[in-house]
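To keep things clear, I will list the structure first and then write my remarks on it.
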Amino acid sequence: QWKIDDKPVKIDKWDGSAVKNSLDDSAKKVLLEKYKYVENFRLIDGRLIICTISCLFAIVALIWDYLHPFPESKPVLAFCVVSYPLQMFIFLVAHRKDPAGMDPDDVWQLSSSLKRFDDNYTLKLTFISGKTKQQREAEFTKSIAKFFDNNGTLVMEAYEPEVSKLHDSLALERKTK
């Protein structure tokens with residue numbers, strides 16, 4: 001039985017952010033627990049740095065706009081606004097250690113999208129070979145209704161096979177080459 005923190009994942013199925021976050025967390029859990037990959041936290045650390053810088057930009061923009069009213073502060077405000085959304089695409093970077101310890105780690109990246117007012121969730125898995133540095137990608141787009149019951153509980157028995165199939169398609173390509 002797949003659970004996050006030993007509780008079934010239950011969300012408000014009309015809240016797009018909650019739906020996307022629960023599916024993202026569950027896909028992450030599949031890669032880390034089922035396939036025993038090791039999460040690389042540099043991505044999260046980088047996001048924290050970017051968030052800190054964005055907050056500093058906001059403070060600078062606020063002060064700059066106070067000292068130099070709007071038409072004059074336009075370039076500073078634009079720069080501060082544009083710098084913010086550069087941080088939310090990939091939500092997991094995981095490493096598969098070489099069993100022999102000779103080759104560099106293979107890297108697996110998860111990213112997803114769920115457009116506003118849309119029920120189609122896209123999950124993209126990227127594999128980067130440690131040896132060759134070649135990159136391969138696979139993705140699926142499915143309705144979120146396939147993964148949640150009427151009460152808003154995530155049905156891992158429906159979701160986990162989709163994530164595993166995505167992973168196995170890239171892992172199989174790797175073994176056949």
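Residue numbering restarts at 1 in every chain; chains get A, B, ... in the order shown in the structure tokens, and ligands count up from 1 in that same order.
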Query - Contacts of Glu162 in chain A at 10 Å (only C-alpha atoms; same-chain gap of 3+ positions) as a list in words - result: Ala27, Leu123, Glu139, Phe140, Lys142, Phe147, Met156, Glu157, Ala158, Tyr159, Lys165, Leu166, His167 and Asp168 of chain A
Report task. Can you check which residues of range 22-140 of chain A DSSP gives as helix (DSSP H, G or I) on the backbone and send them as a PyMOL selection string? Result -> chain A and resi 22-34+42-67+70-87
If we count only C-alpha atoms, what is near Leu125 in chain A at a cut-off of 9 Å, once residues fewer than 2 positions away on the same chain are taken out, given as a PDB file with all heavy atoms, in the first residue's frame?
```pdb
ATOM      1  N   TRP A 108      18.428  11.115 -12.868  1.00  0.00           N
ATOM      2  CA  TRP A 108      17.012  11.069 -13.240  1.00  0.00           C
ATOM      3  C   TRP A 108      16.371  12.363 -12.769  1.00  0.00           C
ATOM      4  O   TRP A 108      16.551  12.763 -11.618  1.00  0.00           O
ATOM      5  CB  TRP A 108      16.322   9.881 -12.578  1.00  0.00           C
ATOM      6  CG  TRP A 108      16.839   8.558 -13.032  1.00  0.00           C
ATOM      7  CD1 TRP A 108      17.947   7.901 -12.569  1.00  0.00           C
ATOM      8  CD2 TRP A 108      16.289   7.729 -14.051  1.00  0.00           C
ATOM      9  NE1 TRP A 108      18.106   6.719 -13.235  1.00  0.00           N
ATOM     10  CE2 TRP A 108      17.094   6.581 -14.152  1.00  0.00           C
ATOM     11  CE3 TRP A 108      15.172   7.833 -14.879  1.00  0.00           C
ATOM     12  CZ2 TRP A 108      16.839   5.555 -15.046  1.00  0.00           C
ATOM     13  CZ3 TRP A 108      14.912   6.811 -15.774  1.00  0.00           C
ATOM     14  CH2 TRP A 108      15.735   5.691 -15.855  1.00  0.00           C
ATOM     15  N   GLN A 109      15.622  13.030 -13.666  1.00  0.00           N
ATOM     16  CA  GLN A 109      14.954  14.278 -13.320  1.00  0.00           C
ATOM     17  C   GLN A 109      13.462  14.142 -13.576  1.00  0.00           C
ATOM     18  O   GLN A 109      13.055  13.607 -14.605  1.00  0.00           O
ATOM     19  CB  GLN A 109      15.478  15.439 -14.157  1.00  0.00           C
ATOM     20  CG  GLN A 109      16.932  15.750 -13.937  1.00  0.00           C
ATOM     21  CD  GLN A 109      17.434  16.844 -14.869  1.00  0.00           C
ATOM     22  OE1 GLN A 109      16.795  17.188 -15.851  1.00  0.00           O
ATOM     23  NE2 GLN A 109      18.591  17.378 -14.544  1.00  0.00           N
ATOM     24  N   LEU A 110      12.667  14.636 -12.654  1.00  0.00           N
ATOM     25  CA  LEU A 110      11.216  14.655 -12.809  1.00  0.00           C
ATOM     26  C   LEU A 110      10.742  16.092 -12.931  1.00  0.00           C
ATOM     27  O   LEU A 110      11.177  16.960 -12.168  1.00  0.00           O
ATOM     28  CB  LEU A 110      10.533  14.039 -11.584  1.00  0.00           C
ATOM     29  CG  LEU A 110      10.335  12.543 -11.547  1.00  0.00           C
ATOM     30  CD1 LEU A 110       9.766  12.121 -10.200  1.00  0.00           C
ATOM     31  CD2 LEU A 110       9.431  12.075 -12.657  1.00  0.00           C
ATOM     32  N   SER A 111       9.872  16.324 -13.893  1.00  0.00           N
ATOM     33  CA  SER A 111       9.207  17.625 -14.007  1.00  0.00           C
ATOM     34  C   SER A 111       7.770  17.356 -14.421  1.00  0.00           C
ATOM     35  O   SER A 111       7.445  16.294 -14.946  1.00  0.00           O
ATOM     36  CB  SER A 111       9.913  18.529 -15.004  1.00  0.00           C
ATOM     37  OG  SER A 111       9.952  17.931 -16.285  1.00  0.00           O
ATOM     38  N   SER A 112       6.905  18.336 -14.180  1.00  0.00           N
ATOM     39  CA  SER A 112       5.494  18.122 -14.492  1.00  0.00           C
ATOM     40  C   SER A 112       4.819  19.443 -14.815  1.00  0.00           C
ATOM     41  O   SER A 112       5.366  20.515 -14.556  1.00  0.00           O
ATOM     42  CB  SER A 112       4.780  17.460 -13.318  1.00  0.00           C
ATOM     43  OG  SER A 112       4.723  18.352 -12.224  1.00  0.00           O
ATOM     44  N   LEU A 123       3.599  14.398 -16.837  1.00  0.00           N
ATOM     45  CA  LEU A 123       4.779  14.057 -16.046  1.00  0.00           C
ATOM     46  C   LEU A 123       5.892  13.699 -17.019  1.00  0.00           C
ATOM     47  O   LEU A 123       5.706  12.864 -17.916  1.00  0.00           O
ATOM     48  CB  LEU A 123       4.506  12.865 -15.120  1.00  0.00           C
ATOM     49  CG  LEU A 123       5.671  12.449 -14.227  1.00  0.00           C
ATOM     50  CD1 LEU A 123       5.967  13.523 -13.184  1.00  0.00           C
ATOM     51  CD2 LEU A 123       5.355  11.130 -13.523  1.00  0.00           C
ATOM     52  N   PHE A 127      16.340  11.067 -18.279  1.00  0.00           N
ATOM     53  CA  PHE A 127      17.471  10.229 -17.863  1.00  0.00           C
ATOM     54  C   PHE A 127      18.732  10.803 -18.499  1.00  0.00           C
ATOM     55  O   PHE A 127      18.760  11.048 -19.704  1.00  0.00           O
ATOM     56  CB  PHE A 127      17.259   8.787 -18.323  1.00  0.00           C
ATOM     57  CG  PHE A 127      18.477   7.927 -18.180  1.00  0.00           C
ATOM     58  CD1 PHE A 127      18.856   7.444 -16.945  1.00  0.00           C
ATOM     59  CD2 PHE A 127      19.266   7.620 -19.275  1.00  0.00           C
ATOM     60  CE1 PHE A 127      19.998   6.658 -16.803  1.00  0.00           C
ATOM     61  CE2 PHE A 127      20.397   6.831 -19.153  1.00  0.00           C
ATOM     62  CZ  PHE A 127      20.768   6.353 -17.907  1.00  0.00           C
ATOM     63  N   ARG A 136      17.893  11.278 -22.413  1.00  0.00           N
ATOM     64  CA  ARG A 136      16.663  10.757 -23.018  1.00  0.00           C
ATOM     65  C   ARG A 136      15.492  11.167 -22.150  1.00  0.00           C
ATOM     66  O   ARG A 136      15.630  11.264 -20.926  1.00  0.00           O
ATOM     67  CB  ARG A 136      16.731   9.234 -23.134  1.00  0.00           C
ATOM     68  CG  ARG A 136      17.756   8.757 -24.128  1.00  0.00           C
ATOM     69  CD  ARG A 136      17.631   7.260 -24.398  1.00  0.00           C
ATOM     70  NE  ARG A 136      17.615   6.415 -23.226  1.00  0.00           N
ATOM     71  CZ  ARG A 136      18.695   5.978 -22.586  1.00  0.00           C
ATOM     72  NH1 ARG A 136      19.884   6.335 -23.000  1.00  0.00           N
ATOM     73  NH2 ARG A 136      18.593   5.184 -21.542  1.00  0.00           N
ATOM     74  N   GLU A 137      14.355  11.353 -22.791  1.00  0.00           N
ATOM     75  CA  GLU A 137      13.171  11.789 -22.068  1.00  0.00           C
ATOM     76  C   GLU A 137      11.977  10.932 -22.441  1.00  0.00           C
ATOM     77  O   GLU A 137      11.898  10.410 -23.547  1.00  0.00           O
ATOM     78  CB  GLU A 137      12.838  13.248 -22.402  1.00  0.00           C
ATOM     79  CG  GLU A 137      13.894  14.224 -21.996  1.00  0.00           C
ATOM     80  CD  GLU A 137      13.589  15.644 -22.441  1.00  0.00           C
ATOM     81  OE1 GLU A 137      12.642  15.840 -23.237  1.00  0.00           O
ATOM     82  OE2 GLU A 137      14.293  16.550 -21.995  1.00  0.00           O
ATOM     83  N   ALA A 138      11.072  10.819 -21.498  1.00  0.00           N
ATOM     84  CA  ALA A 138       9.787  10.165 -21.746  1.00  0.00           C
ATOM     85  C   ALA A 138       8.756  10.916 -20.917  1.00  0.00           C
ATOM     86  O   ALA A 138       9.079  11.457 -19.857  1.00  0.00           O
ATOM     87  CB  ALA A 138       9.837   8.696 -21.340  1.00  0.00           C
ATOM     88  N   GLU A 139       7.540  10.974 -21.420  1.00  0.00           N
ATOM     89  CA  GLU A 139       6.500  11.659 -20.670  1.00  0.00           C
ATOM     90  C   GLU A 139       5.140  11.043 -20.947  1.00  0.00           C
ATOM     91  O   GLU A 139       4.976  10.318 -21.929  1.00  0.00           O
ATOM     92  CB  GLU A 139       6.476  13.156 -20.970  1.00  0.00           C
ATOM     93  CG  GLU A 139       6.036  13.537 -22.354  1.00  0.00           C
ATOM     94  CD  GLU A 139       6.033  15.045 -22.552  1.00  0.00           C
ATOM     95  OE1 GLU A 139       7.035  15.713 -22.231  1.00  0.00           O
ATOM     96  OE2 GLU A 139       5.004  15.550 -23.041  1.00  0.00           O
ATOM     97  N   VAL A 163       3.955   5.754 -13.505  1.00  0.00           N
ATOM     98  CA  VAL A 163       5.293   6.287 -13.227  1.00  0.00           C
ATOM     99  C   VAL A 163       6.344   5.205 -13.491  1.00  0.00           C
ATOM    100  O   VAL A 163       7.375   5.458 -14.110  1.00  0.00           O
ATOM    101  CB  VAL A 163       5.395   6.812 -11.780  1.00  0.00           C
ATOM    102  CG1 VAL A 163       6.811   7.284 -11.470  1.00  0.00           C
ATOM    103  CG2 VAL A 163       4.391   7.933 -11.543  1.00  0.00           C
ATOM    104  N   LEU A 166       6.886   4.665 -17.193  1.00  0.00           N
ATOM    105  CA  LEU A 166       7.701   5.757 -17.722  1.00  0.00           C
ATOM    106  C   LEU A 166       9.175   5.502 -17.411  1.00  0.00           C
ATOM    107  O   LEU A 166      10.034   5.585 -18.289  1.00  0.00           O
ATOM    108  CB  LEU A 166       7.232   7.058 -17.079  1.00  0.00           C
ATOM    109  CG  LEU A 166       7.560   8.378 -17.723  1.00  0.00           C
ATOM    110  CD1 LEU A 166       6.943   8.473 -19.102  1.00  0.00           C
ATOM    111  CD2 LEU A 166       7.053   9.525 -16.850  1.00  0.00           C
ATOM    112  N   HIS A 167       9.458   5.164 -16.169  1.00  0.00           N
ATOM    113  CA  HIS A 167      10.831   4.871 -15.754  1.00  0.00           C
ATOM    114  C   HIS A 167      11.397   3.683 -16.517  1.00  0.00           C
ATOM    115  O   HIS A 167      12.505   3.730 -17.042  1.00  0.00           O
ATOM    116  CB  HIS A 167      10.873   4.592 -14.250  1.00  0.00           C
ATOM    117  CG  HIS A 167      12.201   4.100 -13.780  1.00  0.00           C
ATOM    118  ND1 HIS A 167      12.535   2.756 -13.807  1.00  0.00           N
ATOM    119  CD2 HIS A 167      13.286   4.756 -13.316  1.00  0.00           C
ATOM    120  CE1 HIS A 167      13.764   2.617 -13.362  1.00  0.00           C
ATOM    121  NE2 HIS A 167      14.244   3.808 -13.056  1.00  0.00           N
ATOM    122  N   LEU A 170      12.631   4.168 -20.099  1.00  0.00           N
ATOM    123  CA  LEU A 170      13.974   4.754 -20.219  1.00  0.00           C
ATOM    124  C   LEU A 170      15.057   3.800 -19.739  1.00  0.00           C
ATOM    125  O   LEU A 170      16.138   3.744 -20.312  1.00  0.00           O
ATOM    126  CB  LEU A 170      14.046   6.062 -19.429  1.00  0.00           C
ATOM    127  CG  LEU A 170      13.249   7.222 -19.993  1.00  0.00           C
ATOM    128  CD1 LEU A 170      13.279   8.410 -19.031  1.00  0.00           C
ATOM    129  CD2 LEU A 170      13.754   7.625 -21.351  1.00  0.00           C
TER     130      LEU A 170
END
```
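Non-sequential neighbours of Ile11 in chain A (distance at most 12 Å, separation of 4 or more positions within a chain, only C-alpha atoms) are Lys7, Asp15, Gly16, Ser17, Ala18, Val19, Lys20, Asn21, Ser22, Leu23, Phe147, Phe148, Asp149, Asn150, Asn151, Gly152, Thr153, Leu154 and Val155 of chain A.
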Report task. Please identify which residues in chain A DSSP calls strand (DSSP E or B) from the backbone, and express them as a VMD selection string. Result -> chain A and resid 4 7 10 38 to 39 90 to 96 106 to 114 120 to 128 135 to 143 148 153 to 154
Report task. Just the residues within 9 Å of range 91-93 of chain A, please, counting only C-alpha atoms, with nothing from its chain fewer than 2 positions along; format it as a PyMOL selection string. Result -> chain A and resi 24-25+28+38-44+88-89+95+107-112
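Among the candidate residues A:Phe70, A:Tyr37, A:Tyr121, A:Trp14, the one lying nearest to Asp105 in chain A is A:Tyr37, with distances computed using only C-alpha atoms.
Straight-line separation from CA of Asp118 in chain A to CA of Leu31 in chain A: 25.7 Å.
Going from CA of Ser113 in chain A over to CA of Lys29 in chain A, you cover 17.6 Å.
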